[in-house]
Structure formats: structure tokens, C-alpha cells
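K.L.:
Sharing a structure, written as C-alpha cells. Questions coming.
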Amino acid sequence: MSKSSYRTMLRSSSIIGGASVVNILANLLKLKIAAVLLGPAGVGLLGLYQSLVQTAGSVAGLGLTNSGTRQIAAASADGGAAEVGRVRRALFWGTLAQAILGATLFWLVSGWIAACFVAAPERANQVAWLSLGVGLSVAAGAQSALLIGLRQTGDIARVQVGSGTGGAALGVAALWLWGDGGLIAMVLAAPVVTFLLGHVYVSRLKRPSGPPDPPPLLAREWGAMARLGFAFMMSNLITIGGFLAARVLVQRELGAEALGQFQAAWAIGMTYLGFVLGAMGADYYPRLTAAIGDRAAAVRLVNEQTEVALLLCGPVIVAMLGCAPWVIRLLYTAEFGPAVEILRWQLLGDVLKVMSWPLGFILFALGAGKTFVLTETLGMAVFILGVLALLPLIGVTATGVAFLALYVVYLPLVWWLGRCRIGFRWTRAVWVQAIAVIGVAVAVDAAARWSEPLGAVLGIVLAAGMGFWTVIRLSEKTGAGGRLGRIAALGERVRNG
């Protein structure tokens, strides 16, 4: 990739990344207040409700967030304004029907969901309110597909900032006023605000081009997206449903307190990784879809995204591994001490997750839905079986160990599939970066288990060194000027002899 292309990629990532920083701060404040007011049991129930909305929304959405993005990006790359307009209209009417149907069905079976998944039939009325979140999540997914497919980076960032801060503010206010009774309002605040803001920015887009399409043509277009999206939906359902199943297992076997410990560690991982991977994904997926026909270009793009992901995530993972006990106490309370061990195992798994993330998009971009579903199924089967086998032996820590096992299996699998489909291989730079991050992460984790203060000092020092290298490497890739640019150029001359 040229330096100008790198700058474009990083500029898009920085815009979304800046929005993600705001969201992270808002989400961390929300988690802290929820932990103080509700304790581990309340935090666990909050996570379970959120997981229910995500799972049902994934089913009702039929994967159109992913397939719609792909279709819009592909139509835009071909330069067909009429084709883009047809995809937009089919996406709108299709997801409108899906949102209404999904919310209605969830509401009708809310009593069964409360009994089977929450293990509290008396909470059926609360669960019924979650149907609103299901419908709005489907609608917001269509808005996201449109904005990402058209690469409206600024609007995506504005929606993220508004939904993160607005949803957190409303959720915290509800919890502060109503206590446990405000849990449902806290869960619903994010999808409500996301949908409203998404509607504002989508309505500002230029109206779809071309004459109105007859309903049969729109139905065929929606059917094409649904067929592709079904595979995406199944993969999302397998992933989200698998983690929902883990939550149910923990609650049934160990109780609400243990579920809260799992949710605490899980929320941290999803927050900081979502910052980097979400920022890059908004730009990476449409670009990979457009380039997937050129194998050499696609391989370069995947390698570059992998290296950037490791550069950005590595220092954060290492620092958090060293400071895990203090991170948990800062973000939650002393009652969440058992979450430290879960978080450590999860962070080790996150290194492999970061490496596998760009590879998974190869199958997305190729439209290889069935293959992607199979890979997700295998990975999630490893996770669930690990939780089942280890819960009686090591308690809730089993969730962290099983998470690491998931990516020990998943990463080689998607690498092999990438090699078979597009001839993918990691470059030397990616190999060196990956080995360095894995080695440092394992060393810091071992030190922290032996002595928490030693682990903290080592983690912070090594993370700072990795962060400095990240700045140098990205400056080198983008051709940035100034002192860092000169240091990068010197490093390049040394490597070249």
C-alpha cells in the first residue's frame, strides 16, 4: 500500500477512533456507577439483558448490516448510482418489516425467555420491554450499513459519540432514579439514541438515485441481501448466542454473583478492543470488498491491517495484563476481585483475536457465508465445551481459559482458509510484530502472577516501549515528517544495511 493510502486508512481510523475514545469513557463511567449501585449480581443481570437484545436483534436482522454494507460498497465501487439507490430502498423496506416482526415475536415469547434464560419468571414484564431494543437494533443496523457502505466516516463517528454519551447519560440517570428498576431503561437507552441519531444523519444523505423500483424488483434485491446476510446472521448468532449460553451456564451453576464477575471482565475486553477494531473496521471492510478480486492487493491489505491492529492493541493489552487488579478496582469495586483472573486469560486470548480479526473479513468480502458459519461454529463449540468442562474445576475463571482456547483453534483455521482462498501469507513484519506481542504479553502475565507490583511495573514499562515503537512504525508507514519521521527513516536505513 502506498503511503498516501496508509494515511487515508489511518485518517479514517483516527476519526472513528476518536469517537470510540469518547464512547469508552462514557461506557466506563456507566459501568462504574452500575457496579457501585447494583453490585456484581446487578451487573450480571445487566449483561444478560444486553446479550438477549443482541441475540434477538441478530436473528431479526438477518445479517443485513453486513450484507447491506457489502452490497452498497460493491455498487458504489462499480459507479452505478441507480444500483446503489435500489439497494438502499430494498434495505430500508426490508429492515423495516424485519424490525417490526422481530420486536413482535420477542414480545410474544418474553415470558418463556424470562423463565428459560433469566431463570426468573417474575421478570417477564421487564423482558417484554426489551422487544423495543430488538426492533430498534435492527433498524439501527440498516442505518449503519448505509453509512459504512457509503464510507460516511464523519457521520459514523458522530453517531457513535452521540449514542455513547447520550445512551450512557440516560442509562445512568435511570439507574440513579429507579435503582434495579432502571436496568431496562439502561439497556434500552443505547439502541434508542443510536436509532434516533442514525435517522438524523441518514436523512441528510442525498436521496436514492433512479426511478422508483417496483416491489417485485425490491423483493428480489432484498432476497439477494438476505441470502448473503443469512450466513452472516448465523455467524453472529453463533457468536452472540454462544456467549449468551455461557452467561446462562455461569448463572445456573455458580449464581448471579459469578455472572457479574464474568460480565465485568467481558465488558472491559469488548470496550477497549471495540475502540481499535471498530475504528478500523468501518474503513477496512468496504475497502477489502472492493479489492478482493485482486488477490495481491487483498493480501497486502489484510497484512497491513493486521500489523496496524497489533501495533495499536499490543501496548494496551500489555499494560492491562500488568495492571489487571487495579483496572478492576478502578472500573468496578473491590467486590469484583475474582474478575481479575478472568480478565488475564481473556487478554491473552485477545492477542490472538486481534490477529484473526482481519483474516475473518476475507470470507466476508468473498461472500463465503457457509464457510464462515462453519468456522464460527467450530470456534464457539470450543468455547462452550471449555466452559462446560472447566466450570466444575476452576469456577468462573473457566470463561477466560475457554476464551483463550477458542482463539488458539480459530486463528490457525482462518489463516489456513485465507491461504486457500486468496493465497494469503503473513509478511515478515507481521510475524515479527506478532511474536513480539505474544512474548511480551506472556512474560508480563507470568510476572504479574508471581508478584502484582512487579507485573504492574514491567507491564507499564514494556507497554510504553511498545507504544513508542508504534508511533515510529506508523510514522514510517505514513511518511510523517518531523523528528519521528527522521527516526523512522534512520531505522529503515539500518534495516536495509
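We label chains A, B, ... in the order they appear in the C-alpha cells, count residues from 1 in each chain, and number ligands from 1 in the order shown.
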Using 9 Å as the limit and counting only C-alpha atoms, can you tabulate each residue of stretch 199-269 of chain A that touches stretch 68-74 of chain A, with its shortest atom-to-atom distance in Å and the two atoms involved, as a tab-separated table?
P.N.:
```
residue	atom	partner	partner_atom	distance
A:Met225	CA	A:Gly68	CA	6.3
A:Ala226	CA	A:Gly68	CA	8.8
A:Gly229	CA	A:Gly68	CA	7.8
```
K.L.:
Need to verify the contact set: A:Ile422, 8 Å, only C-alpha atoms, exclusion of same-chain residues closer than 6 positions in sequence. Can you return it as a ChimeraX atom specification?
P.N.:
/A:295,298-299
K.L.:
Keeping only all heavy atoms, write the selected residues as a PDB file, in the first residue's frame.
P.N.:
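So result11.pdb came out as:
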```pdb
ATOM      1  N   ARG A 295      -6.084 -10.509  -5.869  1.00  0.00           N
ATOM      2  CA  ARG A 295      -5.548 -11.264  -4.736  1.00  0.00           C
ATOM      3  C   ARG A 295      -4.343 -10.596  -4.094  1.00  0.00           C
ATOM      4  O   ARG A 295      -4.231 -10.534  -2.867  1.00  0.00           O
ATOM      5  CB  ARG A 295      -5.177 -12.683  -5.186  1.00  0.00           C
ATOM      6  CG  ARG A 295      -6.380 -13.568  -5.458  1.00  0.00           C
ATOM      7  CD  ARG A 295      -5.937 -15.010  -5.622  1.00  0.00           C
ATOM      8  NE  ARG A 295      -7.076 -15.909  -5.639  1.00  0.00           N
ATOM      9  CZ  ARG A 295      -6.970 -17.230  -5.520  1.00  0.00           C
ATOM     10  NH1 ARG A 295      -5.770 -17.783  -5.400  1.00  0.00           N
ATOM     11  NH2 ARG A 295      -8.053 -17.988  -5.533  1.00  0.00           N
ATOM     12  N   ALA A 298      -5.486  -7.659  -2.062  1.00  0.00           N
ATOM     13  CA  ALA A 298      -6.208  -8.100  -0.870  1.00  0.00           C
ATOM     14  C   ALA A 298      -5.248  -8.622   0.190  1.00  0.00           C
ATOM     15  O   ALA A 298      -5.395  -8.329   1.383  1.00  0.00           O
ATOM     16  CB  ALA A 298      -7.221  -9.176  -1.240  1.00  0.00           C
ATOM     17  N   VAL A 299      -4.251  -9.400  -0.219  1.00  0.00           N
ATOM     18  CA  VAL A 299      -3.258  -9.925   0.729  1.00  0.00           C
ATOM     19  C   VAL A 299      -2.505  -8.785   1.390  1.00  0.00           C
ATOM     20  O   VAL A 299      -2.277  -8.785   2.611  1.00  0.00           O
ATOM     21  CB  VAL A 299      -2.290 -10.894   0.012  1.00  0.00           C
ATOM     22  CG1 VAL A 299      -1.100 -11.215   0.905  1.00  0.00           C
ATOM     23  CG2 VAL A 299      -3.012 -12.174  -0.387  1.00  0.00           C
TER      24      VAL A 299
END
```
K.L.:
Please report the interatomic distance between atom CA of A:Gly133 and atom CA of A:Gln50 in Å with one decimal.
P.N.:
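Atom-to-atom, atom CA of A:Gly133 and atom CA of A:Gln50 are spaced 9.2 Å apart.
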K.L.:
May I have the residues within 6 Å of stretch 189-205 of chain A as a list in words, using only C-alpha atoms and disregarding those fewer than 4 positions away in the same chain?
P.N.:
Gly133, Leu136, Ser137, Ala140, Gln143, Val159, Ser163, Gly167, Gly171 and Ala185 of chain A
K.L.:
Generate the output file for the selected residues, N, CA, C and O atoms, as a PDB file, in the first residue's frame.
P.N.:
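Written output follows (selection.pdb):
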```pdb
ATOM      1  N   GLY A 133     -35.901  -2.684  22.239  1.00  0.00           N
ATOM      2  CA  GLY A 133     -34.489  -2.656  21.889  1.00  0.00           C
ATOM      3  C   GLY A 133     -34.177  -3.554  20.707  1.00  0.00           C
ATOM      4  O   GLY A 133     -33.317  -3.221  19.879  1.00  0.00           O
ATOM      5  N   LEU A 136     -35.353  -1.656  17.465  1.00  0.00           N
ATOM      6  CA  LEU A 136     -34.502  -0.509  17.171  1.00  0.00           C
ATOM      7  C   LEU A 136     -33.094  -0.932  16.774  1.00  0.00           C
ATOM      8  O   LEU A 136     -32.445  -0.263  15.963  1.00  0.00           O
ATOM      9  N   SER A 137     -32.610  -2.040  17.325  1.00  0.00           N
ATOM     10  CA  SER A 137     -31.284  -2.539  16.941  1.00  0.00           C
ATOM     11  C   SER A 137     -31.257  -2.950  15.475  1.00  0.00           C
ATOM     12  O   SER A 137     -30.278  -2.699  14.760  1.00  0.00           O
ATOM     13  N   ALA A 140     -31.337   0.299  13.433  1.00  0.00           N
ATOM     14  CA  ALA A 140     -30.045   0.989  13.514  1.00  0.00           C
ATOM     15  C   ALA A 140     -28.978   0.257  12.715  1.00  0.00           C
ATOM     16  O   ALA A 140     -28.065   0.878  12.168  1.00  0.00           O
ATOM     17  N   GLN A 143     -29.171   1.468   9.197  1.00  0.00           N
ATOM     18  CA  GLN A 143     -28.563   2.798   9.085  1.00  0.00           C
ATOM     19  C   GLN A 143     -27.039   2.699   9.064  1.00  0.00           C
ATOM     20  O   GLN A 143     -26.370   3.372   8.274  1.00  0.00           O
ATOM     21  N   VAL A 159     -22.479   9.644  15.075  1.00  0.00           N
ATOM     22  CA  VAL A 159     -23.496   8.749  15.637  1.00  0.00           C
ATOM     23  C   VAL A 159     -22.926   8.000  16.836  1.00  0.00           C
ATOM     24  O   VAL A 159     -23.581   7.853  17.873  1.00  0.00           O
ATOM     25  N   SER A 163     -24.486   8.462  20.477  1.00  0.00           N
ATOM     26  CA  SER A 163     -25.144   7.307  21.083  1.00  0.00           C
ATOM     27  C   SER A 163     -24.429   6.860  22.347  1.00  0.00           C
ATOM     28  O   SER A 163     -25.069   6.463  23.333  1.00  0.00           O
ATOM     29  N   GLY A 167     -26.607   7.652  25.397  1.00  0.00           N
ATOM     30  CA  GLY A 167     -27.107   6.414  25.986  1.00  0.00           C
ATOM     31  C   GLY A 167     -26.603   6.222  27.405  1.00  0.00           C
ATOM     32  O   GLY A 167     -27.346   5.793  28.295  1.00  0.00           O
ATOM     33  N   GLY A 171     -28.974   6.195  30.668  1.00  0.00           N
ATOM     34  CA  GLY A 171     -28.943   4.967  31.450  1.00  0.00           C
ATOM     35  C   GLY A 171     -28.564   5.199  32.897  1.00  0.00           C
ATOM     36  O   GLY A 171     -29.179   4.642  33.810  1.00  0.00           O
ATOM     37  N   ALA A 185     -34.320   0.451  31.443  1.00  0.00           N
ATOM     38  CA  ALA A 185     -34.091   1.749  30.802  1.00  0.00           C
ATOM     39  C   ALA A 185     -32.630   1.909  30.403  1.00  0.00           C
ATOM     40  O   ALA A 185     -32.325   2.462  29.341  1.00  0.00           O
TER      41      ALA A 185
END
```
K.L.:
Might you pull out every residue within 10 Å of A:Leu254, with only C-alpha atoms counted and same-chain residues fewer than 5 positions away left off, and present them as a ChimeraX atom specification?
P.N.:
/A:248-249,259,391-392,395-396
K.L.:
I need the chosen residues saved as a PDB file, in the first residue's frame, with N, CA, C and O atoms.
P.N.:
```pdb
ATOM      1  N   VAL A 248     -25.689 -17.993  30.709  1.00  0.00           N
ATOM      2  CA  VAL A 248     -26.738 -18.810  31.327  1.00  0.00           C
ATOM      3  C   VAL A 248     -26.109 -19.939  32.139  1.00  0.00           C
ATOM      4  O   VAL A 248     -26.550 -20.240  33.260  1.00  0.00           O
ATOM      5  N   LEU A 249     -25.073 -20.577  31.601  1.00  0.00           N
ATOM      6  CA  LEU A 249     -24.392 -21.657  32.322  1.00  0.00           C
ATOM      7  C   LEU A 249     -23.784 -21.163  33.626  1.00  0.00           C
ATOM      8  O   LEU A 249     -23.923 -21.805  34.679  1.00  0.00           O
ATOM      9  N   LEU A 259     -21.878 -14.539  37.686  1.00  0.00           N
ATOM     10  CA  LEU A 259     -22.240 -13.958  36.393  1.00  0.00           C
ATOM     11  C   LEU A 259     -21.774 -12.509  36.314  1.00  0.00           C
ATOM     12  O   LEU A 259     -21.293 -12.042  35.266  1.00  0.00           O
ATOM     13  N   LEU A 391     -15.897 -25.338  34.341  1.00  0.00           N
ATOM     14  CA  LEU A 391     -16.661 -24.683  35.413  1.00  0.00           C
ATOM     15  C   LEU A 391     -16.601 -25.458  36.729  1.00  0.00           C
ATOM     16  O   LEU A 391     -16.385 -24.866  37.800  1.00  0.00           O
ATOM     17  N   PRO A 392     -16.804 -26.782  36.716  1.00  0.00           N
ATOM     18  CA  PRO A 392     -16.745 -27.511  37.996  1.00  0.00           C
ATOM     19  C   PRO A 392     -15.348 -27.539  38.605  1.00  0.00           C
ATOM     20  O   PRO A 392     -15.196 -27.774  39.801  1.00  0.00           O
ATOM     21  N   GLY A 395     -14.184 -22.942  38.479  1.00  0.00           N
ATOM     22  CA  GLY A 395     -15.194 -21.909  38.677  1.00  0.00           C
ATOM     23  C   GLY A 395     -15.311 -20.961  37.504  1.00  0.00           C
ATOM     24  O   GLY A 395     -15.080 -21.327  36.344  1.00  0.00           O
ATOM     25  N   VAL A 396     -15.623 -19.699  37.793  1.00  0.00           N
ATOM     26  CA  VAL A 396     -15.911 -18.733  36.743  1.00  0.00           C
ATOM     27  C   VAL A 396     -14.674 -18.394  35.907  1.00  0.00           C
ATOM     28  O   VAL A 396     -14.784 -17.884  34.779  1.00  0.00           O
TER      29      VAL A 396
END
```
K.L.:
Kindly indicate which residue among A:Met320, A:Ala173, A:Leu366, A:Ala381 lies nearest to A:Leu462, using only C-alpha atoms for the distances.
P.N.:
A:Met320
K.L.:
Report as a tab-separated table the residues of stretch 107-208 of chain A within 10 Å of stretch 36-46 of chain A, each with its shortest atom pair and distance in Å (one decimal), using only C-alpha atoms, ordered by chain and increasing residue number.
P.N.:
```
residue	atom	partner	partner_atom	distance
A:Val118	CA	A:Leu45	CA	8.1
A:Leu175	CA	A:Leu37	CA	8.0
A:Trp176	CA	A:Leu37	CA	7.9
A:Gly179	CA	A:Leu37	CA	7.2
A:Asp180	CA	A:Leu38	CA	7.1
A:Leu183	CA	A:Leu46	CA	6.4
A:Ile184	CA	A:Leu46	CA	8.1
A:Met186	CA	A:Leu46	CA	8.3
A:Val187	CA	A:Leu46	CA	7.2
```
K.L.:
Just checking: using only C-alpha atoms, which residue out of A:Ser144, A:Trp222, A:Gly164, A:Pro215 ends up closest to A:Val87?
P.N.:
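Closest candidate: A:Trp222.
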K.L.:
For atom CA of A:Gln346 and atom CA of A:Arg449, determine how far apart the two atoms are, in Å to one decimal place.
P.N.:
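So the two atoms, atom CA of A:Gln346 and atom CA of A:Arg449, lie 14.6 Å apart.
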K.L.:
Kindly give the distance, in Å, that separates atom CA of A:Lys353 and atom CA of A:Leu406, rounded to a single decimal.
P.N.:
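Distance between the two atoms: 9.2 Å.
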K.L.:
Which is closest to A:Ala246 among A:Ala60, A:Ala174, A:Ala398, A:Leu91, if we use only C-alpha atoms?
P.N.:
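Of A:Ala60, A:Ala174, A:Ala398, A:Leu91, the one nearest A:Ala246, counting only C-alpha atoms, is A:Ala398.
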